[in-house]
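**Student:** Below is coords38.cif; it holds mmCIF, C-alpha atoms and all ligand atoms.
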```cif
data_my_file
loop_
_atom_site.group_PDB
_atom_site.id
_atom_site.type_symbol
_atom_site.label_atom_id
_atom_site.label_comp_id
_atom_site.auth_asym_id
_atom_site.auth_seq_id
_atom_site.Cartn_x
_atom_site.Cartn_y
_atom_site.Cartn_z
ATOM 1 C CA MET G 11 -15.661 -0.726 -23.000
ATOM 2 C CA ILE G 12 -15.873 3.034 -23.607
ATOM 3 C CA GLN G 13 -18.273 4.625 -26.050
ATOM 4 C CA ILE G 14 -18.336 8.381 -26.350
ATOM 5 C CA ARG G 15 -21.332 9.732 -28.212
ATOM 6 C CA ASN G 16 -21.656 13.328 -29.416
ATOM 7 C CA LEU G 17 -19.949 14.534 -26.269
ATOM 8 C CA GLY G 18 -19.805 18.251 -25.609
ATOM 9 C CA VAL G 19 -18.395 20.007 -22.554
ATOM 10 C CA ASN G 20 -18.635 23.732 -21.907
ATOM 11 C CA TYR G 21 -17.074 25.794 -19.158
ATOM 12 C CA GLY G 22 -19.404 28.780 -19.020
ATOM 13 C CA ASN G 23 -19.220 30.268 -22.503
ATOM 14 C CA GLU G 24 -16.110 28.344 -23.451
ATOM 15 C CA ILE G 25 -16.542 25.222 -25.555
ATOM 16 C CA ALA G 26 -13.918 22.755 -24.296
ATOM 17 C CA LEU G 27 -15.218 19.756 -26.274
ATOM 18 C CA GLU G 28 -17.617 19.627 -29.175
ATOM 19 C CA ASN G 29 -19.277 16.574 -30.705
ATOM 20 C CA ILE G 30 -16.674 13.991 -29.676
ATOM 21 C CA ASN G 31 -17.257 10.405 -30.839
ATOM 22 C CA LEU G 32 -14.815 7.729 -29.807
ATOM 23 C CA ASP G 33 -14.908 3.980 -29.084
ATOM 24 C CA ILE G 34 -12.236 2.253 -27.042
ATOM 25 C CA SER G 35 -12.441 -1.538 -26.847
ATOM 26 C CA GLY G 36 -11.871 -3.498 -23.665
ATOM 27 C CA ASN G 37 -8.251 -4.176 -22.704
ATOM 28 C CA LYS G 38 -6.890 -1.898 -25.420
ATOM 29 C CA THR G 39 -4.778 1.192 -24.972
ATOM 30 C CA CYS G 40 -5.523 4.591 -26.412
ATOM 31 C CA ALA G 41 -3.226 7.602 -26.405
ATOM 32 C CA ILE G 42 -4.751 11.054 -26.801
ATOM 33 C CA ILE G 43 -2.429 13.732 -28.063
ATOM 34 C CA GLY G 44 -2.940 17.367 -28.904
ATOM 35 C CA PRO G 45 -1.715 20.838 -28.076
ATOM 36 C CA SER G 46 -2.110 22.490 -24.713
ATOM 37 C CA GLY G 47 -5.684 23.655 -24.091
ATOM 38 C CA CYS G 48 -7.306 21.490 -26.808
ATOM 39 C CA GLY G 49 -9.435 19.620 -24.256
ATOM 40 C CA LYS G 50 -7.455 16.442 -23.447
ATOM 41 C CA THR G 51 -7.838 16.681 -19.674
ATOM 42 C CA THR G 52 -11.498 17.595 -20.060
ATOM 43 C CA LEU G 53 -12.051 14.476 -22.195
ATOM 44 C CA LEU G 54 -10.278 12.281 -19.644
ATOM 45 C CA TYR G 55 -12.307 13.787 -16.795
ATOM 46 C CA ALA G 56 -15.500 13.094 -18.721
ATOM 47 C CA MET G 57 -14.427 9.430 -19.087
ATOM 48 C CA ALA G 58 -13.720 9.377 -15.348
ATOM 49 C CA GLY G 59 -17.174 10.767 -14.541
ATOM 50 C CA LEU G 60 -15.501 13.722 -12.836
ATOM 51 C CA ILE G 61 -17.249 16.270 -15.029
ATOM 52 C CA ALA G 62 -20.725 16.032 -16.462
ATOM 53 C CA PRO G 63 -21.244 16.418 -20.219
ATOM 54 C CA SER G 64 -23.009 19.540 -21.441
ATOM 55 C CA SER G 65 -24.341 17.367 -24.269
ATOM 56 C CA GLY G 66 -24.000 13.770 -25.434
ATOM 57 C CA LYS G 67 -22.816 10.950 -23.220
ATOM 58 C CA VAL G 68 -20.099 8.559 -22.142
ATOM 59 C CA LEU G 69 -20.985 4.870 -21.863
ATOM 60 C CA ILE G 70 -18.835 2.412 -19.952
ATOM 61 C CA ASN G 71 -19.643 -1.241 -20.575
ATOM 62 C CA GLY G 72 -22.859 -0.076 -22.183
ATOM 63 C CA GLU G 73 -23.987 1.954 -19.210
ATOM 64 C CA GLU G 74 -24.217 5.728 -19.200
ATOM 65 C CA LEU G 75 -21.665 7.251 -16.859
ATOM 66 C CA ARG G 76 -23.201 9.631 -14.325
ATOM 67 C CA SER G 77 -20.626 9.620 -11.534
ATOM 68 C CA PRO G 78 -17.131 8.184 -10.958
ATOM 69 C CA ARG G 79 -16.967 4.362 -10.947
ATOM 70 C CA LYS G 80 -14.958 2.668 -8.261
ATOM 71 C CA GLU G 81 -13.433 0.315 -10.859
ATOM 72 C CA THR G 82 -11.865 3.233 -12.731
ATOM 73 C CA GLY G 83 -8.342 4.259 -11.722
ATOM 74 C CA VAL G 84 -7.275 7.820 -12.438
ATOM 75 C CA ILE G 85 -3.726 9.145 -12.339
ATOM 76 C CA LEU G 86 -3.836 12.910 -12.472
ATOM 77 C CA GLN G 87 -1.361 15.310 -13.971
ATOM 78 C CA ASN G 88 0.437 16.154 -10.689
ATOM 79 C CA GLY G 89 0.191 12.629 -9.227
ATOM 80 C CA GLY G 90 -2.019 13.908 -6.419
ATOM 81 C CA LEU G 91 -0.109 12.278 -3.534
ATOM 82 C CA LEU G 92 -0.888 13.440 -0.004
ATOM 83 C CA PRO G 93 2.284 15.222 1.182
ATOM 84 C CA TRP G 94 1.723 14.372 4.860
ATOM 85 C CA LYS G 95 1.550 10.629 4.216
ATOM 86 C CA THR G 96 4.411 8.253 3.466
ATOM 87 C CA ALA G 97 4.674 6.366 0.182
ATOM 88 C CA TRP G 98 3.281 3.302 1.940
ATOM 89 C CA ASP G 99 0.315 5.176 3.437
ATOM 90 C CA ASN G 100 -0.458 6.907 0.155
ATOM 91 C CA VAL G 101 -0.699 3.514 -1.539
ATOM 92 C CA ALA G 102 -2.652 1.911 1.327
ATOM 93 C CA LEU G 103 -5.182 4.739 1.548
ATOM 94 C CA GLY G 104 -7.653 3.517 -1.058
ATOM 95 C CA LEU G 105 -7.646 -0.034 0.303
ATOM 96 C CA LYS G 106 -8.283 1.271 3.833
ATOM 97 C CA ALA G 107 -11.158 3.367 2.533
ATOM 98 C CA ARG G 108 -12.661 0.176 1.109
ATOM 99 C CA GLY G 109 -12.508 -1.499 4.489
ATOM 100 C CA ILE G 110 -10.012 -4.169 3.410
ATOM 101 C CA ASP G 111 -8.373 -6.016 6.313
ATOM 102 C CA LYS G 112 -4.863 -5.095 7.465
ATOM 103 C CA THR G 113 -3.139 -8.319 6.416
ATOM 104 C CA THR G 114 -4.483 -8.086 2.864
ATOM 105 C CA ILE G 115 -3.551 -4.393 2.666
ATOM 106 C CA SER G 116 -0.041 -5.179 3.820
ATOM 107 C CA ARG G 117 0.336 -7.967 1.264
ATOM 108 C CA LYS G 118 -1.049 -5.935 -1.645
ATOM 109 C CA VAL G 119 0.892 -2.756 -0.864
ATOM 110 C CA THR G 120 4.168 -4.663 -0.426
ATOM 111 C CA SER G 121 3.629 -6.510 -3.668
ATOM 112 C CA ILE G 122 2.841 -3.443 -5.798
ATOM 113 C CA LEU G 123 5.671 -1.342 -4.291
ATOM 114 C CA GLU G 124 8.034 -4.198 -5.030
ATOM 115 C CA GLU G 125 6.781 -4.581 -8.588
ATOM 116 C CA LEU G 126 7.292 -0.867 -9.200
ATOM 117 C CA GLY G 127 10.757 -0.920 -7.625
ATOM 118 C CA ILE G 128 10.024 1.478 -4.774
ATOM 119 C CA LEU G 129 9.606 -0.802 -1.760
ATOM 120 C CA GLU G 130 12.803 0.539 -0.204
ATOM 121 C CA HIS G 131 11.267 4.040 -0.223
ATOM 122 C CA ARG G 132 8.110 2.976 1.573
ATOM 123 C CA ASP G 133 8.664 5.213 4.620
ATOM 124 C CA LYS G 134 9.530 8.384 2.708
ATOM 125 C CA TYR G 135 7.202 11.318 2.263
ATOM 126 C CA PRO G 136 6.488 12.601 -1.265
ATOM 127 C CA ASN G 137 8.907 15.543 -0.888
ATOM 128 C CA GLN G 138 11.717 13.083 -0.044
ATOM 129 C CA LEU G 139 11.202 11.201 -3.313
ATOM 130 C CA SER G 140 12.515 12.003 -6.792
ATOM 131 C CA GLY G 141 9.998 12.922 -9.503
ATOM 132 C CA GLY G 142 10.225 9.433 -11.005
ATOM 133 C CA GLN G 143 9.733 7.753 -7.624
ATOM 134 C CA ARG G 144 6.762 9.981 -6.836
ATOM 135 C CA GLN G 145 5.172 9.041 -10.125
ATOM 136 C CA ARG G 146 5.702 5.352 -9.348
ATOM 137 C CA VAL G 147 3.963 5.838 -6.010
ATOM 138 C CA ALA G 148 1.076 7.549 -7.801
ATOM 139 C CA ILE G 149 0.837 4.613 -10.230
ATOM 140 C CA ALA G 150 1.082 2.088 -7.366
ATOM 141 C CA ARG G 151 -1.663 3.869 -5.473
ATOM 142 C CA THR G 152 -4.011 3.476 -8.422
ATOM 143 C CA LEU G 153 -2.996 -0.040 -9.519
ATOM 144 C CA VAL G 154 -3.283 -1.509 -6.034
ATOM 145 C CA LEU G 155 -7.062 -1.067 -6.393
ATOM 146 C CA GLU G 156 -6.980 -3.305 -9.496
ATOM 147 C CA PRO G 157 -8.919 -0.980 -11.809
ATOM 148 C CA ASP G 158 -10.534 -2.344 -14.982
ATOM 149 C CA LEU G 159 -10.038 1.051 -16.625
ATOM 150 C CA LEU G 160 -6.948 3.156 -16.156
ATOM 151 C CA LEU G 161 -7.026 6.845 -17.094
ATOM 152 C CA MET G 162 -3.766 8.786 -17.040
ATOM 153 C CA ASP G 163 -3.228 12.479 -17.555
ATOM 154 C CA GLU G 164 0.322 13.364 -18.626
ATOM 155 C CA ALA G 165 1.689 10.584 -16.410
ATOM 156 C CA SER G 166 5.306 11.257 -17.323
ATOM 157 C CA SER G 167 5.403 14.833 -18.520
ATOM 158 C CA ALA G 168 6.864 16.282 -15.315
ATOM 159 C CA LEU G 169 9.886 13.985 -15.640
ATOM 160 C CA ASP G 170 13.200 14.324 -17.444
ATOM 161 C CA ALA G 171 13.704 12.333 -20.655
ATOM 162 C CA ILE G 172 15.359 9.292 -19.056
ATOM 163 C CA ASN G 173 12.807 8.952 -16.261
ATOM 164 C CA ARG G 174 10.022 9.527 -18.748
ATOM 165 C CA GLU G 175 11.174 6.510 -20.763
ATOM 166 C CA HIS G 176 11.506 4.460 -17.572
ATOM 167 C CA ILE G 177 7.919 5.231 -16.608
ATOM 168 C CA GLN G 178 6.716 4.486 -20.161
ATOM 169 C CA ASN G 179 8.563 1.140 -20.110
ATOM 170 C CA LEU G 180 7.030 0.376 -16.739
ATOM 171 C CA ILE G 181 3.515 1.185 -17.945
ATOM 172 C CA LEU G 182 3.991 -1.046 -21.016
ATOM 173 C CA LYS G 183 5.385 -3.870 -18.876
ATOM 174 C CA LEU G 184 2.475 -3.665 -16.431
ATOM 175 C CA TYR G 185 0.015 -3.605 -19.315
ATOM 176 C CA MET G 186 1.581 -6.636 -21.033
ATOM 177 C CA LYS G 187 1.460 -8.587 -17.785
ATOM 178 C CA ASN G 188 -2.117 -7.666 -17.015
ATOM 179 C CA PRO G 189 -3.950 -5.968 -19.911
ATOM 180 C CA THR G 190 -6.685 -3.529 -18.876
ATOM 181 C CA THR G 191 -8.303 -0.724 -20.806
ATOM 182 C CA MET G 192 -5.939 2.228 -20.662
ATOM 183 C CA VAL G 193 -6.414 5.777 -21.865
ATOM 184 C CA MET G 194 -3.523 8.170 -21.601
ATOM 185 C CA VAL G 195 -3.373 11.805 -22.358
ATOM 186 C CA THR G 196 -0.030 13.142 -23.451
ATOM 187 C CA HIS G 197 1.525 15.945 -25.419
ATOM 188 C CA SER G 198 4.530 13.803 -26.314
ATOM 189 C CA ILE G 199 4.484 12.207 -29.763
ATOM 190 C CA GLU G 200 7.004 9.557 -28.672
ATOM 191 C CA GLU G 201 4.883 8.609 -25.677
ATOM 192 C CA ALA G 202 1.700 8.393 -27.742
ATOM 193 C CA VAL G 203 3.388 6.068 -30.254
ATOM 194 C CA PHE G 204 5.050 3.936 -27.573
ATOM 195 C CA LEU G 205 1.943 3.446 -25.417
ATOM 196 C CA GLY G 206 -1.038 3.840 -27.741
ATOM 197 C CA GLN G 207 -2.580 0.992 -29.705
ATOM 198 C CA THR G 208 -4.865 3.678 -31.032
ATOM 199 C CA ILE G 209 -3.556 7.221 -31.248
ATOM 200 C CA VAL G 210 -6.172 9.953 -31.163
ATOM 201 C CA ILE G 211 -5.022 13.332 -32.419
ATOM 202 C CA MET G 212 -6.986 16.291 -31.145
ATOM 203 C CA GLU G 213 -7.268 19.862 -32.257
ATOM 204 C CA ARG G 214 -9.168 22.516 -30.370
ATOM 205 C CA ALA G 215 -12.245 20.856 -28.759
ATOM 206 C CA ALA G 216 -12.362 18.110 -31.406
ATOM 207 C CA ILE G 217 -10.822 14.885 -32.689
ATOM 208 C CA LYS G 218 -8.815 15.523 -35.831
ATOM 209 C CA HIS G 219 -7.601 12.045 -36.743
ATOM 210 C CA MET G 220 -7.028 8.524 -35.422
ATOM 211 C CA ILE G 221 -4.170 6.171 -36.181
ATOM 212 C CA GLU G 222 -3.979 2.429 -35.484
ATOM 213 C CA ASN G 223 -0.489 1.618 -34.297
ATOM 214 C CA PRO G 224 0.622 -1.862 -35.435
ATOM 215 C CA TYR G 225 3.892 -1.657 -33.498
ATOM 216 C CA PHE G 226 2.333 -1.192 -30.091
ATOM 217 C CA GLY G 227 3.731 -3.596 -27.511
ATOM 218 C CA ASP G 228 7.262 -3.843 -28.887
ATOM 219 C CA GLU G 229 9.542 -2.753 -26.050
ATOM 220 C CA ASP G 230 12.421 -2.181 -28.449
ATOM 221 C CA ILE G 231 10.408 -0.160 -30.923
ATOM 222 C CA ARG G 232 12.290 3.042 -30.095
ATOM 223 C CA SER G 233 15.357 1.647 -31.827
ATOM 224 C CA LYS G 234 13.482 0.786 -35.029
ATOM 225 C CA PRO G 235 12.769 2.956 -38.056
ATOM 226 C CA GLU G 236 9.022 2.060 -38.110
ATOM 227 C CA TYR G 237 8.641 3.877 -34.821
ATOM 228 C CA TYR G 238 9.913 7.084 -36.350
ATOM 229 C CA ASN G 239 7.613 6.666 -39.332
ATOM 230 C CA ILE G 240 4.563 6.629 -37.072
ATOM 231 C CA CYS G 241 5.982 9.504 -35.029
ATOM 232 C CA LEU G 242 6.310 11.460 -38.273
ATOM 233 C CA GLU G 243 2.757 10.610 -39.260
ATOM 234 C CA VAL G 244 1.445 11.844 -35.893
ATOM 235 C CA ARG G 245 3.564 14.967 -36.249
ATOM 236 C CA LYS G 246 2.117 15.576 -39.697
ATOM 237 C CA TRP G 247 -1.437 15.379 -38.343
ATOM 238 C CA LEU G 248 -0.594 17.709 -35.509
ATOM 239 C CA GLY G 249 0.688 20.175 -38.083
ATOM 240 C CA ASN G 250 2.242 23.137 -36.353
ATOM 241 C CA GLU G 251 -0.140 22.744 -33.393
ATOM 242 C CA LEU G 252 2.502 21.484 -30.974
ATOM 243 C CA SER G 253 4.819 24.369 -31.597
ATOM 244 C CA LYS G 254 2.119 26.852 -30.691
ATOM 245 C CA GLU G 255 2.457 28.829 -27.487
ATOM 246 C CA GLY G 256 2.313 26.766 -24.280
ATOM 247 C CA ALA G 257 2.455 23.345 -25.886
ATOM 248 C CA GLY G 258 6.182 22.838 -25.258
ATOM 249 C CA LYS G 259 8.020 19.501 -25.476
HETATM 250 N N1 LIG B 1 -12.398 24.386 -14.820
HETATM 251 C C1 LIG B 1 -12.320 25.114 -15.934
HETATM 252 N N2 LIG B 1 -12.987 26.292 -16.024
HETATM 253 C C2 LIG B 1 -12.944 27.023 -17.157
HETATM 254 N N3 LIG B 1 -12.252 26.685 -18.250
HETATM 255 C C3 LIG B 1 -11.557 25.535 -18.210
HETATM 256 C C4 LIG B 1 -11.554 24.696 -17.046
HETATM 257 N N4 LIG B 1 -10.776 23.604 -17.309
HETATM 258 C C5 LIG B 1 -10.328 23.780 -18.574
HETATM 259 N N5 LIG B 1 -10.789 24.922 -19.112
HETATM 260 C C6 LIG B 1 -10.532 25.400 -20.489
HETATM 261 O O1 LIG B 1 -10.960 24.405 -21.395
HETATM 262 C C7 LIG B 1 -10.025 24.224 -22.442
HETATM 263 C C8 LIG B 1 -9.517 22.791 -22.444
HETATM 264 O O2 LIG B 1 -8.744 22.566 -21.283
HETATM 265 P P1 LIG B 1 -8.040 21.189 -20.936
HETATM 266 O O3 LIG B 1 -9.025 20.104 -21.082
HETATM 267 O O4 LIG B 1 -7.387 21.347 -19.613
HETATM 268 O O5 LIG B 1 -6.962 21.101 -22.098
HETATM 269 P P2 LIG B 1 -5.624 20.237 -22.214
HETATM 270 O O6 LIG B 1 -5.637 19.191 -21.150
HETATM 271 O O7 LIG B 1 -5.644 19.690 -23.596
HETATM 272 O O8 LIG B 1 -4.483 21.183 -22.041
HETATM 273 C C9 LIG B 1 -8.930 25.259 -22.196
HETATM 274 O O9 LIG B 1 -9.177 26.378 -23.009
HETATM 275 C C10 LIG B 1 -9.047 25.581 -20.744
HETATM 276 O O10 LIG B 1 -8.649 26.919 -20.485
HETATM 277 MG MG MG B 2 -4.275 18.781 -19.596
#
```
Can you present the structure in this file as structure tokens?
Ligand SMILES: Nc1ncnc2c1ncn2[C@@H]1O[C@H](COP(=O)(O)OP(=O)(O)O)[C@@H](O)[C@H]1O
Ligand SMILES: [Mg+2]
**Tutor:**
Amino acid sequence: MIQIRNLGVNYGNEIALENINLDISGNKTCAIIGPSGCGKTTLLYAMAGLIAPSSGKVLINGEELRSPRKETGVILQNGGLLPWKTAWDNVALGLKARGIDKTTISRKVTSILEELGILEHRDKYPNQLSGGQRQRVAIARTLVLEPDLLLMDEASSALDAINREHIQNLILKLYMKNPTTMVMVTHSIEEAVFLGQTIVIMERAAIKHMIENPYFGDEDIRSKPEYYNICLEVRKWLGNELSKEGAGK
């Protein structure tokens, strides 16, 4: 599905990514973890076609990516909801833009809001929703377009620990029901191990290590010792990176 070949991205003189090579198979999940500023968002944006490589390329289904694809769903770090639109309208927006008829929009929006447990909040504006509810609306808005590739940047990091686990459970549940290729950027070890079939550990501008996670897909994994073993392995590869300034949590 995704092939990244010798990818480099510069911002002016700053090298944000250097010689990145990564393959992500169709309908698999990949978690990308690394300290703040190592280039995670830049890598995700390159996969989304939102920034052009300075060198190398990104291939999606064998085709070089030159602009955003309409089949790719992106959930950005802040959710990106329009504050002047209700939850319903935020979710309906993309379908309207695609010229879908009203009855179909109504059916799809109702169904996804229901699935994500936020139908009762349909008429609220983003500032009237809790952080967890807002994030659900952001997820609904992307999923309603039925993407074949889902890219998420720190989808749960603005939430408290309980809501973060709820959102992670929800993402896993949605994936199990309807597997699509998913790439999520996170700086949480627990999240990477819970949601990543492959865990990619980054250091500044580069990939440091990759781990295949045999326990992916087990909803109860958090209560098992194996989970902590993989968390420890990821932590070992991160070294003291995460405790460096700005990385937090
Ligand atoms: N638009 C930009 N202009 C200049 N520098 C940027 C821009 N976006 C990111 N950077 C720099 O590129 C590096 C990687 O950033 P980013 O991909 O956002 O990292 P992460 O998501 O891992 O925190 C950082 O040093 C950051 O300051
Ligand atoms: Mg980032």
**Student:** When the cut-off is 10 Å and you count only C-alpha atoms and all ligand atoms, which residues lie near ligand LIG 1 (chain B), shown as a VMD selection string?
**Tutor:** chain G and resid 19 to 27 42 to 56 61 87 163 to 164 195 to 197 212 to 215 256 to 257
**Student:** Identify all residues satisfying the PyMOL selection byres (((chain G and resi 165-171) around 10) and not hetatm) in the given file; provide them as a ChimeraX atom specification.
**Tutor:** /G:85-89,140-142,145-146,148-149,161-164,172-178,181,194-198,201,259
**Student:** Atom CA of Ile211 of chain G and atom CA of Leu180 of chain G are how many Å apart?
**Tutor:**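 We find that atom CA of Ile211 of chain G and atom CA of Leu180 of chain G lie 23.6 Å from each other.
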**Student:** Spell out the residues picked by the PyMOL selection byres (((chain G and resi 208) around 7) and not hetatm) here, as a PyMOL selection string.
**Tutor:** chain G and resi 39-41+206-207+209-210+220-223
**Student:** Which residues are close to Lys67 of chain G, i.e. within 12 Å by all atoms listed in the file, leaving aside same-chain residues fewer than 6 positions away? Reply as a list in words.
**Tutor:**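 These residues fall inside the cut-off: Ile12, Gln13, Ile14, Arg15, Asn16, Leu17, Gly18, Val19, Glu28, Asn29, Ile30, Asn31, Leu32, Leu53, Ala56, Met57, Gly59, Ile61, Glu73, Glu74, Leu75, Arg76 and Ser77 of chain G.
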**Student:** Just give me the gap between atom CA of Asn71 of chain G and atom CA of Ser35 of chain G in Å, one decimal is fine.
**Tutor:**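 Taking atom CA of Asn71 of chain G and atom CA of Ser35 of chain G, their separation equals 9.6 Å.
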**Student:** With the PyMOL selection byres (((chain G and resi 185-187) around 12) and not hetatm) as the selection, what would be picked from this file? Answer as a list of chain:residue names, please.
**Tutor:**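 Checked against the file, the PyMOL selection byres (((chain G and resi 185-187) around 12) and not hetatm) matches G:Asn37, G:Lys38, G:Thr39, G:Glu125, G:Leu153, G:Pro157, G:Asp158, G:Leu159, G:Leu160, G:Gln178, G:Asn179, G:Leu180, G:Ile181, G:Leu182, G:Lys183, G:Leu184, G:Asn188, G:Pro189, G:Thr190, G:Thr191, G:Met192, G:Val193, G:Leu205, G:Gly206, G:Gln207, G:Phe226, G:Gly227, G:Asp228, G:Glu229.
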**Student:** Suppose you want the space between atom CA of Val147 of chain G and atom CA of Val101 of chain G; what is it in Å?
**Tutor:**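 Computed distance, atom CA of Val147 of chain G to atom CA of Val101 of chain G, equals 6.9 Å.
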**Student:** Which polymer residues have any atom within 9 Å of an atom of Tyr225 of chain G, counting all atoms listed in the file, with same-chain residues fewer than 3 positions away left out, as a list in words?
**Tutor:** Val203, Phe204, Gln207, Asp228, Ile231, Glu236 and Tyr237 of chain G
**Student:** Which one of G:Ala58, G:Glu156, G:Ile240, G:Ile128 sits closest to Pro78 of chain G if you count only C-alpha atoms?
**Tutor:**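 Ranked by minimum distance to Pro78 of chain G, first place goes to G:Ala58.
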